[in-house]
$ cat model_20.txt   # compact mmCIF, C-alpha atoms and all ligand atoms
# COMPACT_ATOMS: atom_id res chain seq x y z
CA MET A 1 -34.46 -22.76 31.99
CA ARG A 2 -37.24 -20.67 30.53
CA PRO A 3 -40.62 -22.38 30.08
CA THR A 4 -40.90 -23.83 26.55
CA LYS A 5 -44.51 -24.97 26.53
CA ILE A 6 -46.79 -23.04 24.15
CA VAL A 7 -49.65 -21.76 26.32
CA LYS A 8 -51.34 -19.21 24.10
CA ALA A 9 -52.10 -18.68 20.39
CA SER A 10 -53.64 -15.49 19.04
CA LEU A 11 -54.48 -14.32 15.54
CA ILE A 12 -54.87 -10.83 14.14
CA PRO A 13 -55.83 -10.02 10.54
CA SER A 14 -53.31 -8.17 8.39
CA VAL A 15 -54.82 -6.16 5.54
CA MET A 16 -52.13 -4.14 3.77
CA PRO A 17 -53.31 -1.64 1.11
CA LYS A 18 -51.11 -1.44 -1.98
CA GLU A 19 -49.54 1.95 -2.67
CA ASP A 20 -50.68 1.44 -6.26
CA PRO A 21 -54.26 0.08 -6.01
CA THR A 22 -54.22 -0.80 -9.75
CA TRP A 23 -51.26 -3.22 -9.33
CA ARG A 24 -52.02 -6.12 -11.70
CA PHE A 25 -50.50 -9.44 -12.77
CA ALA A 26 -51.75 -12.12 -15.18
CA LEU A 27 -53.88 -13.84 -12.53
CA GLY A 28 -55.69 -10.79 -11.20
CA ALA A 29 -55.63 -7.47 -9.40
CA ASN A 30 -56.41 -6.81 -5.76
CA PRO A 31 -56.01 -3.45 -4.00
CA THR A 32 -54.91 -5.12 -0.74
CA THR A 33 -52.65 -7.95 0.41
CA GLU A 34 -54.27 -10.00 3.16
CA GLY A 35 -53.26 -12.57 5.71
CA TRP A 36 -53.26 -13.55 9.39
CA VAL A 37 -50.50 -12.93 11.89
CA LEU A 38 -50.19 -15.76 14.40
CA ALA A 39 -48.59 -15.26 17.82
CA LEU A 40 -47.53 -18.32 19.84
CA SER A 41 -46.47 -17.56 23.44
CA THR A 42 -44.94 -19.40 26.36
CA ALA A 43 -45.81 -18.77 30.04
CA ASP A 44 -43.15 -16.06 30.49
CA GLY A 45 -44.54 -14.13 27.50
CA THR A 46 -41.86 -15.10 24.97
CA THR A 47 -43.69 -14.91 21.65
CA GLY A 48 -42.97 -16.24 18.15
CA TYR A 49 -44.79 -14.83 15.15
CA GLY A 50 -45.93 -16.48 11.94
CA TYR A 51 -47.83 -15.24 8.91
CA ALA A 52 -50.47 -17.01 6.80
CA SER A 53 -50.93 -15.49 3.34
CA ALA A 54 -54.40 -15.29 1.86
CA SER A 55 -53.65 -15.70 -1.85
CA ALA A 56 -56.79 -16.31 -3.87
CA HIS A 57 -54.77 -17.44 -6.90
CA LEU A 58 -53.16 -20.11 -4.73
CA GLY A 59 -56.45 -21.20 -3.21
CA SER A 60 -56.38 -19.55 0.22
CA THR A 61 -58.77 -16.83 1.36
CA LEU A 62 -58.79 -14.77 4.57
CA ALA A 63 -61.97 -16.38 5.90
CA GLY A 64 -60.90 -19.87 4.84
CA LEU A 65 -57.49 -19.51 6.51
CA LYS A 66 -59.09 -18.43 9.77
CA ALA A 67 -61.33 -21.50 9.81
CA ILE A 68 -58.34 -23.79 9.19
CA LEU A 69 -56.16 -22.10 11.81
CA ASP A 70 -59.00 -22.27 14.38
CA ARG A 71 -59.10 -26.02 13.76
CA LEU A 72 -55.32 -26.54 13.96
CA LEU A 73 -54.28 -24.25 16.81
CA PRO A 74 -55.79 -26.40 19.62
CA LEU A 75 -53.27 -29.07 18.50
CA VAL A 76 -50.42 -26.61 19.03
CA ILE A 77 -51.39 -25.22 22.45
CA GLY A 78 -49.86 -27.29 25.24
CA GLN A 79 -47.02 -28.57 23.03
CA ASP A 80 -43.33 -27.90 23.62
CA ALA A 81 -42.00 -25.21 21.28
CA PHE A 82 -39.06 -27.44 20.33
CA ASN A 83 -41.28 -30.38 19.31
CA ILE A 84 -41.91 -28.93 15.87
CA GLU A 85 -41.75 -32.28 14.07
CA ALA A 86 -44.45 -33.80 16.30
CA VAL A 87 -46.62 -30.69 15.98
CA LEU A 88 -46.35 -30.66 12.19
CA GLN A 89 -47.11 -34.37 12.10
CA SER A 90 -50.26 -33.94 14.18
CA ILE A 91 -51.59 -30.96 12.22
CA THR A 92 -50.95 -32.75 8.92
CA ALA A 93 -52.72 -35.86 10.20
CA ASN A 94 -55.64 -33.63 11.20
CA LEU A 95 -55.84 -31.81 7.86
CA ALA A 96 -54.11 -32.67 4.59
CA ARG A 97 -52.73 -29.83 2.44
CA HIS A 98 -53.53 -26.17 3.39
CA ASN A 99 -49.88 -25.22 3.37
CA GLN A 100 -50.47 -21.50 3.99
CA ALA A 101 -52.07 -22.16 7.40
CA LYS A 102 -49.51 -24.81 8.36
CA GLY A 103 -46.72 -22.50 7.25
CA ALA A 104 -47.85 -19.86 9.76
CA ILE A 105 -47.57 -22.37 12.61
CA ASP A 106 -44.15 -23.59 11.42
CA ILE A 107 -42.82 -20.02 11.02
CA ALA A 108 -44.11 -18.97 14.46
CA MET A 109 -42.56 -22.04 16.12
CA TYR A 110 -39.16 -21.32 14.51
CA ASP A 111 -39.30 -17.68 15.63
CA LEU A 112 -40.26 -18.82 19.13
CA MET A 113 -37.45 -21.43 19.31
CA ALA A 114 -34.85 -18.86 18.24
CA LYS A 115 -36.14 -16.39 20.84
CA LEU A 116 -36.07 -19.02 23.60
CA LEU A 117 -32.45 -19.74 22.64
CA ASP A 118 -31.67 -15.99 22.33
CA VAL A 119 -30.21 -16.39 18.83
CA PRO A 120 -30.97 -15.05 15.33
CA LEU A 121 -33.09 -17.51 13.36
CA TYR A 122 -30.36 -18.42 10.84
CA LYS A 123 -28.42 -20.13 13.65
CA LEU A 124 -31.10 -22.83 13.67
CA PHE A 125 -30.50 -23.44 9.95
CA GLY A 126 -26.79 -24.18 10.19
CA GLY A 127 -25.51 -20.62 10.45
CA LYS A 128 -25.10 -18.09 7.67
CA VAL A 129 -23.06 -18.44 4.49
CA ARG A 130 -23.82 -14.84 3.42
CA ASP A 131 -24.85 -11.59 5.10
CA SER A 132 -27.09 -10.20 2.38
CA VAL A 133 -28.80 -10.95 -0.92
CA PRO A 134 -29.59 -8.67 -3.88
CA ILE A 135 -33.30 -7.97 -4.15
CA LEU A 136 -35.36 -8.39 -7.30
CA ARG A 137 -38.36 -6.06 -7.58
CA ILE A 138 -41.54 -6.75 -9.53
CA LEU A 139 -43.08 -4.52 -12.21
CA ALA A 140 -46.89 -4.76 -12.46
CA ILE A 141 -48.59 -5.03 -15.86
CA LYS A 142 -49.12 -1.58 -17.43
CA LYS A 143 -48.49 0.05 -20.80
CA PRO A 144 -44.85 -0.38 -21.95
CA ASP A 145 -43.92 3.30 -21.37
CA GLU A 146 -45.38 3.27 -17.84
CA MET A 147 -43.56 0.03 -17.03
CA ALA A 148 -40.31 1.50 -18.34
CA ALA A 149 -40.81 4.59 -16.15
CA ASN A 150 -41.51 2.40 -13.11
CA ALA A 151 -38.42 0.32 -13.91
CA GLN A 152 -36.30 3.45 -13.93
CA LYS A 153 -37.69 4.53 -10.53
CA LEU A 154 -36.56 1.20 -9.04
CA VAL A 155 -33.13 1.42 -10.68
CA ASP A 156 -32.80 4.94 -9.26
CA LYS A 157 -33.44 3.47 -5.79
CA GLY A 158 -30.50 1.09 -6.31
CA TYR A 159 -32.21 -2.06 -7.55
CA ASN A 160 -30.25 -4.04 -10.14
CA TYR A 161 -32.74 -6.91 -10.69
CA LEU A 162 -36.25 -6.45 -12.11
CA LYS A 163 -39.07 -8.86 -12.88
CA ILE A 164 -41.49 -7.88 -15.63
CA LYS A 165 -45.02 -9.22 -15.23
CA VAL A 166 -46.37 -10.26 -18.65
CA HIS A 167 -49.83 -11.50 -19.59
CA GLY A 168 -49.63 -13.89 -22.54
CA ASP A 169 -49.90 -11.52 -25.52
CA VAL A 170 -46.64 -12.14 -27.37
CA ALA A 171 -46.46 -8.81 -29.24
CA GLU A 172 -47.40 -6.66 -26.22
CA ASP A 173 -45.14 -8.59 -23.88
CA VAL A 174 -42.14 -8.30 -26.22
CA ALA A 175 -42.87 -4.55 -26.49
CA CYS A 176 -42.75 -4.20 -22.69
CA VAL A 177 -39.44 -6.04 -22.41
CA ARG A 178 -37.98 -3.95 -25.26
CA ALA A 179 -39.15 -0.66 -23.69
CA ILE A 180 -37.74 -1.56 -20.27
CA ARG A 181 -34.38 -2.73 -21.63
CA LYS A 182 -34.11 0.47 -23.69
CA GLN A 183 -34.89 2.57 -20.60
CA VAL A 184 -32.63 0.91 -18.02
CA GLY A 185 -29.67 0.01 -20.24
CA ASP A 186 -27.52 -3.12 -20.31
CA GLY A 187 -26.36 -3.28 -16.70
CA VAL A 188 -29.68 -4.24 -15.11
CA HIS A 189 -30.78 -7.89 -14.81
CA LEU A 190 -34.23 -8.56 -16.29
CA THR A 191 -36.56 -11.51 -15.78
CA ILE A 192 -40.20 -12.08 -16.74
CA ASP A 193 -43.08 -13.79 -14.96
CA ALA A 194 -45.92 -15.05 -17.16
CA ASN A 195 -47.97 -16.45 -14.25
CA GLN A 196 -49.14 -19.33 -16.52
CA SER A 197 -50.43 -17.03 -19.26
CA TYR A 198 -48.81 -18.67 -22.33
CA ASP A 199 -49.31 -22.00 -23.97
CA ALA A 200 -46.03 -23.78 -24.67
CA LYS A 201 -45.70 -22.70 -28.31
CA SER A 202 -46.40 -19.03 -27.63
CA ALA A 203 -44.01 -19.08 -24.67
CA ILE A 204 -41.27 -20.41 -26.96
CA THR A 205 -42.08 -17.76 -29.59
CA ALA A 206 -42.12 -14.94 -27.01
CA LEU A 207 -38.90 -16.03 -25.27
CA ASN A 208 -36.96 -16.47 -28.49
CA ARG A 209 -37.99 -12.92 -29.47
CA MET A 210 -37.20 -11.53 -26.02
CA ALA A 211 -33.80 -13.22 -25.89
CA GLU A 212 -32.19 -10.32 -27.79
CA TYR A 213 -33.06 -8.07 -24.81
CA ASP A 214 -31.02 -10.31 -22.55
CA LEU A 215 -33.42 -12.01 -20.12
CA ASP A 216 -31.95 -13.97 -17.22
CA LEU A 217 -35.03 -16.02 -16.43
CA VAL A 218 -38.70 -16.73 -17.16
CA GLU A 219 -41.05 -17.74 -14.40
CA GLN A 220 -44.01 -20.08 -14.82
CA PRO A 221 -44.55 -19.66 -18.58
CA VAL A 222 -47.43 -22.15 -18.88
CA HIS A 223 -50.42 -23.42 -16.94
CA ILE A 224 -49.80 -25.10 -13.61
CA ASP A 225 -51.10 -28.45 -14.96
CA ASP A 226 -49.16 -28.41 -18.25
CA LEU A 227 -45.97 -30.08 -17.09
CA GLU A 228 -45.23 -31.56 -20.53
CA GLY A 229 -45.53 -28.07 -22.00
CA LEU A 230 -43.27 -26.70 -19.28
CA LYS A 231 -40.60 -29.26 -20.10
CA LEU A 232 -40.90 -28.45 -23.80
CA VAL A 233 -40.35 -24.74 -23.07
CA THR A 234 -37.35 -25.55 -20.87
CA GLU A 235 -35.78 -27.59 -23.66
CA SER A 236 -36.53 -25.01 -26.36
CA VAL A 237 -35.48 -21.58 -25.11
CA PRO A 238 -32.10 -20.00 -24.28
CA VAL A 239 -33.46 -18.53 -21.02
CA VAL A 240 -33.53 -20.17 -17.56
CA VAL A 241 -37.06 -21.52 -16.98
CA GLU A 242 -38.28 -21.39 -13.39
CA ALA A 243 -41.29 -23.07 -11.77
CA ASP A 244 -43.39 -21.02 -9.36
CA GLU A 245 -47.11 -21.83 -9.08
CA CYS A 246 -46.49 -25.48 -10.05
CA ALA A 247 -43.93 -25.80 -7.21
CA GLY A 248 -46.59 -25.62 -4.50
CA SER A 249 -45.55 -28.59 -2.39
CA LEU A 250 -42.48 -30.67 -1.62
CA ALA A 251 -43.88 -33.51 -3.76
CA GLU A 252 -44.37 -31.14 -6.70
CA VAL A 253 -40.80 -29.85 -6.37
CA MET A 254 -39.56 -33.45 -6.28
CA ASN A 255 -41.46 -34.24 -9.48
CA LEU A 256 -40.13 -31.15 -11.30
CA VAL A 257 -36.56 -31.99 -10.32
CA ARG A 258 -36.79 -35.74 -10.99
CA HIS A 259 -38.01 -35.17 -14.56
CA ARG A 260 -35.88 -32.05 -15.06
CA MET A 261 -38.92 -30.08 -16.22
CA VAL A 262 -37.34 -26.75 -15.30
CA ASP A 263 -33.90 -25.23 -14.82
CA ALA A 264 -34.86 -23.53 -11.54
CA VAL A 265 -37.48 -23.44 -8.80
CA SER A 266 -38.86 -20.41 -6.96
CA LEU A 267 -39.21 -21.36 -3.29
CA LYS A 268 -41.93 -19.69 -1.18
CA ILE A 269 -42.18 -20.61 2.49
CA PRO A 270 -45.97 -20.12 2.83
CA ASN A 271 -46.76 -22.15 -0.32
CA LEU A 272 -44.50 -25.01 0.74
CA GLY A 273 -46.05 -25.16 4.21
CA GLY A 274 -43.26 -23.61 6.23
CA VAL A 275 -39.55 -23.50 6.84
CA ARG A 276 -38.96 -27.25 7.23
CA ASN A 277 -40.48 -28.16 3.88
CA THR A 278 -38.66 -25.27 2.21
CA ILE A 279 -35.28 -26.51 3.44
CA ALA A 280 -36.19 -29.99 2.19
CA ALA A 281 -37.21 -28.57 -1.22
CA ALA A 282 -33.90 -26.68 -1.46
CA HIS A 283 -32.00 -29.91 -0.76
CA VAL A 284 -34.03 -31.81 -3.38
CA CYS A 285 -33.09 -29.10 -5.92
CA GLU A 286 -29.42 -29.29 -4.93
CA ALA A 287 -29.40 -33.07 -5.23
CA GLY A 288 -31.01 -32.91 -8.68
CA GLY A 289 -28.87 -30.11 -10.07
CA VAL A 290 -31.76 -27.64 -10.33
CA ARG A 291 -31.23 -24.02 -9.27
CA TYR A 292 -33.39 -22.41 -6.60
CA ARG A 293 -33.95 -19.03 -5.05
CA PHE A 294 -36.66 -17.34 -3.00
CA GLY A 295 -39.67 -15.83 -4.77
CA ALA A 296 -41.98 -13.18 -3.42
CA ALA A 297 -44.23 -14.18 -0.60
CA VAL A 298 -45.99 -10.83 -0.82
CA GLY A 299 -47.06 -9.50 2.56
CA SER A 300 -45.60 -8.33 5.84
CA ARG A 301 -41.92 -7.74 6.57
CA LEU A 302 -42.30 -10.80 8.82
CA LEU A 303 -42.41 -13.05 5.73
CA SER A 304 -39.41 -11.39 4.07
CA ALA A 305 -37.37 -11.50 7.29
CA THR A 306 -38.06 -15.22 7.82
CA ALA A 307 -37.14 -16.03 4.22
CA MET A 308 -34.01 -13.87 4.46
CA HIS A 309 -32.72 -16.00 7.35
CA LEU A 310 -33.11 -19.09 5.17
CA ALA A 311 -31.51 -17.38 2.16
CA ALA A 312 -28.57 -16.47 4.40
CA ALA A 313 -28.13 -20.11 5.42
CA LEU A 314 -28.71 -22.04 2.17
CA PRO A 315 -25.57 -22.22 0.00
CA GLY A 316 -27.51 -22.87 -3.23
CA VAL A 317 -29.16 -19.43 -3.42
CA THR A 318 -27.31 -17.90 -6.35
CA TYR A 319 -29.69 -15.31 -7.78
CA ALA A 320 -31.58 -12.26 -6.53
CA CYS A 321 -34.50 -12.96 -4.19
CA GLU A 322 -37.84 -11.20 -3.94
CA PHE A 323 -37.85 -9.90 -0.38
CA GLY A 324 -38.65 -6.25 -1.15
CA GLU A 325 -42.34 -6.23 -2.07
CA PHE A 326 -43.31 -5.00 1.41
CA ASP A 327 -41.96 -1.67 0.22
CA ARG A 328 -45.06 -1.10 -1.93
CA LEU A 329 -47.52 -2.10 0.81
CA LEU A 330 -48.89 0.15 3.56
CA ASP A 331 -49.75 -0.59 7.23
CA ASP A 332 -47.25 -3.41 7.77
CA PRO A 333 -47.95 -5.04 11.16
CA PHE A 334 -44.17 -5.57 11.57
CA GLU A 335 -41.10 -3.32 11.45
CA GLY A 336 -37.35 -3.76 11.62
CA ILE A 337 -36.00 -4.41 8.11
CA GLU A 338 -35.57 -2.15 5.07
CA ILE A 339 -33.96 -2.62 1.65
CA GLU A 340 -30.79 -0.56 1.31
CA GLY A 341 -29.27 0.08 -2.12
CA GLY A 342 -31.16 -2.85 -3.64
CA VAL A 343 -29.89 -5.29 -1.02
CA LEU A 344 -31.38 -6.86 2.14
CA HIS A 345 -29.09 -7.71 5.06
CA VAL A 346 -29.99 -10.58 7.37
CA PRO A 347 -31.27 -9.09 10.65
CA GLU A 348 -28.96 -9.89 13.56
CA GLY A 349 -31.58 -9.53 16.31
CA VAL A 350 -33.05 -12.47 18.20
CA GLY A 351 -35.58 -14.62 16.28
CA CYS A 352 -36.53 -13.48 12.80
CA GLY A 353 -35.38 -9.96 13.62
CA VAL A 354 -38.58 -7.99 13.04
CA SER A 355 -41.03 -6.88 15.73
CA PRO A 356 -44.74 -6.10 15.81
CA THR A 357 -45.54 -2.39 15.60
CA ALA A 358 -47.10 -0.74 18.69
CA ASP A 359 -50.44 -0.87 16.88
CA SER A 360 -50.15 -4.65 16.27
CA LEU A 361 -49.20 -5.27 19.89
CA GLU A 362 -52.41 -3.50 20.95
CA LYS A 363 -54.41 -5.66 18.54
CA PHE A 364 -52.77 -8.82 19.92
CA ALA A 365 -53.60 -7.70 23.48
CA ALA A 366 -57.22 -7.19 22.47
CA ALA A 367 -57.32 -10.56 20.64
CA VAL A 368 -56.79 -12.58 23.84
MG MG A 401 -44.30 -15.90 -9.93

$ encode --input "model_20.txt" --output "structure tokens"
Amino acid sequence: MRPTKIVKASLIPSVMPKEDPTWRFALGANPTTEGWVLALSTADGTTGYGYASASAHLGSTLAGLKAILDRLLPLVIGQDAFNIEAVLQSITANLARHNQAKGAIDIAMYDLMAKLLDVPLYKLFGGKVRDSVPILRILAIKKPDEMAANAQKLVDKGYNYLKIKVHGDVAEDVACVRAIRKQVGDGVHLTIDANQSYDAKSAITALNRMAEYDLDLVEQPVHIDDLEGLKLVTESVPVVVEADECAGSLAEVMNLVRHRMVDAVSLKIPNLGGVRNTIAAAHVCEAGGVRYRFGAAVGSRLLSATAMHLAAALPGVTYACEFGEFDRLLDDPFEGIEIEGGVLHVPEGVGCGVSPTADSLEKFAAAV
């Protein structure tokens, strides 16, 4: 039997420049995507990797995450890799909330367990019910003609699902949707993400106008705290309404489902605090008759690969997932997956199926 005790934890920063440094959504613009890569190793060198996203709009910064992980990792070292429930219990008792940091530990432990068992990660989730999912790609806020041109570039690469970032100006947002629909034709699925930028009434106005351009879904139309407004939008528009920023914990997902405030929930492993909470959130949605899928956890291929294993195993995933945003980021610390013809296949290698680049391995060696 291979040793299963976690004896070492190391962190390296991941700062990935965006190919388009002007990439913008309603909550801001940042030329880089930042996070920490966590490596948890056993005595024979078997190593599981996790990723903590620094997302300012979700309340986590690179420096803040490091401080939290430095506090939590001593509680992980010395523990058995298979005792994930006890580890998560002890880190939660030590520090409430901070899902992004906890998620990195949870993801790394799952990767490590799968590697110790010599199996692909999805085997730990009940096996796979599908081999691949269609990938939805995101269009940053620009002028309507530029967004339409960018939409066409993605369609030319084989993508059949697009998400249009809008910013809360009804006339301009409707113009963007119209321009993109005109450019890509009827066969492409379109969604929008308002990132909280409307109030309920303007969301209803915008969505009723956009409905003629055949939208599948709107994400987070109103402010994170305006749950009454969110429910009003859900009840008033002919488009599927999906929660994103306001689905930032298992308890929040439970509340959205219990009161049927939305038609769908976007699940993000880092926001929910890891794989275990994400599976629980998916089951809550299933029990309450609310749809779910996986939203973009923008960052390394490591995040997309981990989420892909879950998407392969959860029967309720019925719409395109956002696992392709790594394609617009440079200097990924991991390699091993690519989008092909608008689709991502679940990696069949051991663990999450991606590996650190040679450069990252050197950084991990130096981090000891
Ligand atoms: Mg979103």

$ residues_around --input "model_20.txt" --residues "Asp156 in chain A" --least-positions-apart "6" --cutoff "10 Å" --atoms "all atoms listed in the file" --output "list in words"
Asn150, Val184, Gly341 and Gly342 of chain A

$ atom_distance --input "model_20.txt" --atom1 "CA of Leu154 in chain A" --atom2 "CA of Gly316 in chain A"
26.4 Å

$ closest_atom_pairs --input "model_20.txt" --of "chain A" --to "ligand MG 401 (chain A)" --cutoff "6 Å" --atoms "all atoms listed in the file" --output "Markdown table"
| residue | atom | partner | partner_atom | distance |
| --- | --- | --- | --- | --- |
| A:Asp193 | CA | A:MG401 | MG | 5.6 |
| A:Asn195 | CA | A:MG401 | MG | 5.7 |
| A:Glu219 | CA | A:MG401 | MG | 5.8 |
| A:Asp244 | CA | A:MG401 | MG | 5.2 |

$ closest_residue --input "model_20.txt" --among "A:Ala149, A:Val166, A:Leu190, A:Val262" --to "Glu228 in chain A" --atoms "all atoms listed in the file"
A:Val262

$ residues_around --input "model_20.txt" --residues "range 279-283 of chain A" --least-positions-apart "4" --cutoff "9 Å" --atoms "only C-alpha atoms" --output "number ranges by chain"
A: 125, 249-251, 253-254, 265, 267, 272, 274-275, 287-288, 291-293, 310, 314, 316-317

$ residues_around --input "model_20.txt" --residues "range 201-216 of chain A" --least-positions-apart "2" --cutoff "6 Å" --atoms "all atoms listed in the file" --output "list in words"
Val170, Val174, Leu190, Thr191, Tyr198, Asp199 and Val233 of chain A

$ atom_distance --input "model_20.txt" --atom1 "CA of Arg181 in chain A" --atom2 "CA of Ala29 in chain A"
25.0 Å

$ residues_near_point --input "model_20.txt" --point "(-37.6, -10.6, -4.9)" --cutoff "10 Å" --atoms "only C-alpha atoms" --output "PyMOL selection string"
chain A and resi 133-138+161-163+293-298+304+319-325

$ atom_distance --input "model_20.txt" --atom1 "CA of Val37 in chain A" --atom2 "CA of Ala93 in chain A"
23.1 Å

$ residues_around --input "model_20.txt" --residues "Arg2 in chain A" --least-positions-apart "6" --cutoff "9 Å" --atoms "only C-alpha atoms" --output "ChimeraX atom specification"
/A:42-44,116

$ residues_around --input "model_20.txt" --residues "Val218 in chain A" --least-positions-apart "5" --cutoff "8 Å" --atoms "only C-alpha atoms" --output "list in words"
Thr191, Ile192, Asp193, Ala194, Val239, Val240, Val241 and Glu242 of chain A

$ axis_aligned_box --input "model_20.txt" --around "range 113-119 of chain A" --padding-each-side "6 Å" --output "AutoDock Vina command-line options"
--center_x -33.8 --center_y -18.7 --center_z 20.9 --size_x 19.2 --size_y 17.4 --size_z 17.4

$ closest_residue --input "model_20.txt" --among "A:Thr32, A:Thr61, A:Thr92, A:Thr306" --to "Leu75 in chain A" --atoms "all atoms listed in the file"
A:Thr92

$ residues_near_point --input "model_20.txt" --point "(-39.6, -29.1, -12.8)" --cutoff "9 Å" --atoms "all atoms listed in the file" --output "PDB file with C-alpha atoms, in the frame of the given file"
ATOM      1  CA  LEU A 227     -45.970 -30.080 -17.090  1.00  0.00           C
ATOM      2  CA  LEU A 230     -43.270 -26.700 -19.280  1.00  0.00           C
ATOM      3  CA  LYS A 231     -40.600 -29.260 -20.100  1.00  0.00           C
ATOM      4  CA  GLU A 242     -38.280 -21.390 -13.390  1.00  0.00           C
ATOM      5  CA  ALA A 243     -41.290 -23.070 -11.770  1.00  0.00           C
ATOM      6  CA  CYS A 246     -46.490 -25.480 -10.050  1.00  0.00           C
ATOM      7  CA  ALA A 247     -43.930 -25.800  -7.210  1.00  0.00           C
ATOM      8  CA  GLU A 252     -44.370 -31.140  -6.700  1.00  0.00           C
ATOM      9  CA  VAL A 253     -40.800 -29.850  -6.370  1.00  0.00           C
ATOM     10  CA  MET A 254     -39.560 -33.450  -6.280  1.00  0.00           C
ATOM     11  CA  ASN A 255     -41.460 -34.240  -9.480  1.00  0.00           C
ATOM     12  CA  LEU A 256     -40.130 -31.150 -11.300  1.00  0.00           C
ATOM     13  CA  VAL A 257     -36.560 -31.990 -10.320  1.00  0.00           C
ATOM     14  CA  ARG A 258     -36.790 -35.740 -10.990  1.00  0.00           C
ATOM     15  CA  HIS A 259     -38.010 -35.170 -14.560  1.00  0.00           C
ATOM     16  CA  ARG A 260     -35.880 -32.050 -15.060  1.00  0.00           C
ATOM     17  CA  MET A 261     -38.920 -30.080 -16.220  1.00  0.00           C
ATOM     18  CA  VAL A 262     -37.340 -26.750 -15.300  1.00  0.00           C
ATOM     19  CA  ASP A 263     -33.900 -25.230 -14.820  1.00  0.00           C
ATOM     20  CA  ALA A 264     -34.860 -23.530 -11.540  1.00  0.00           C
ATOM     21  CA  VAL A 265     -37.480 -23.440  -8.800  1.00  0.00           C
ATOM     22  CA  VAL A 290     -31.760 -27.640 -10.330  1.00  0.00           C
TER      23      VAL A 290
END
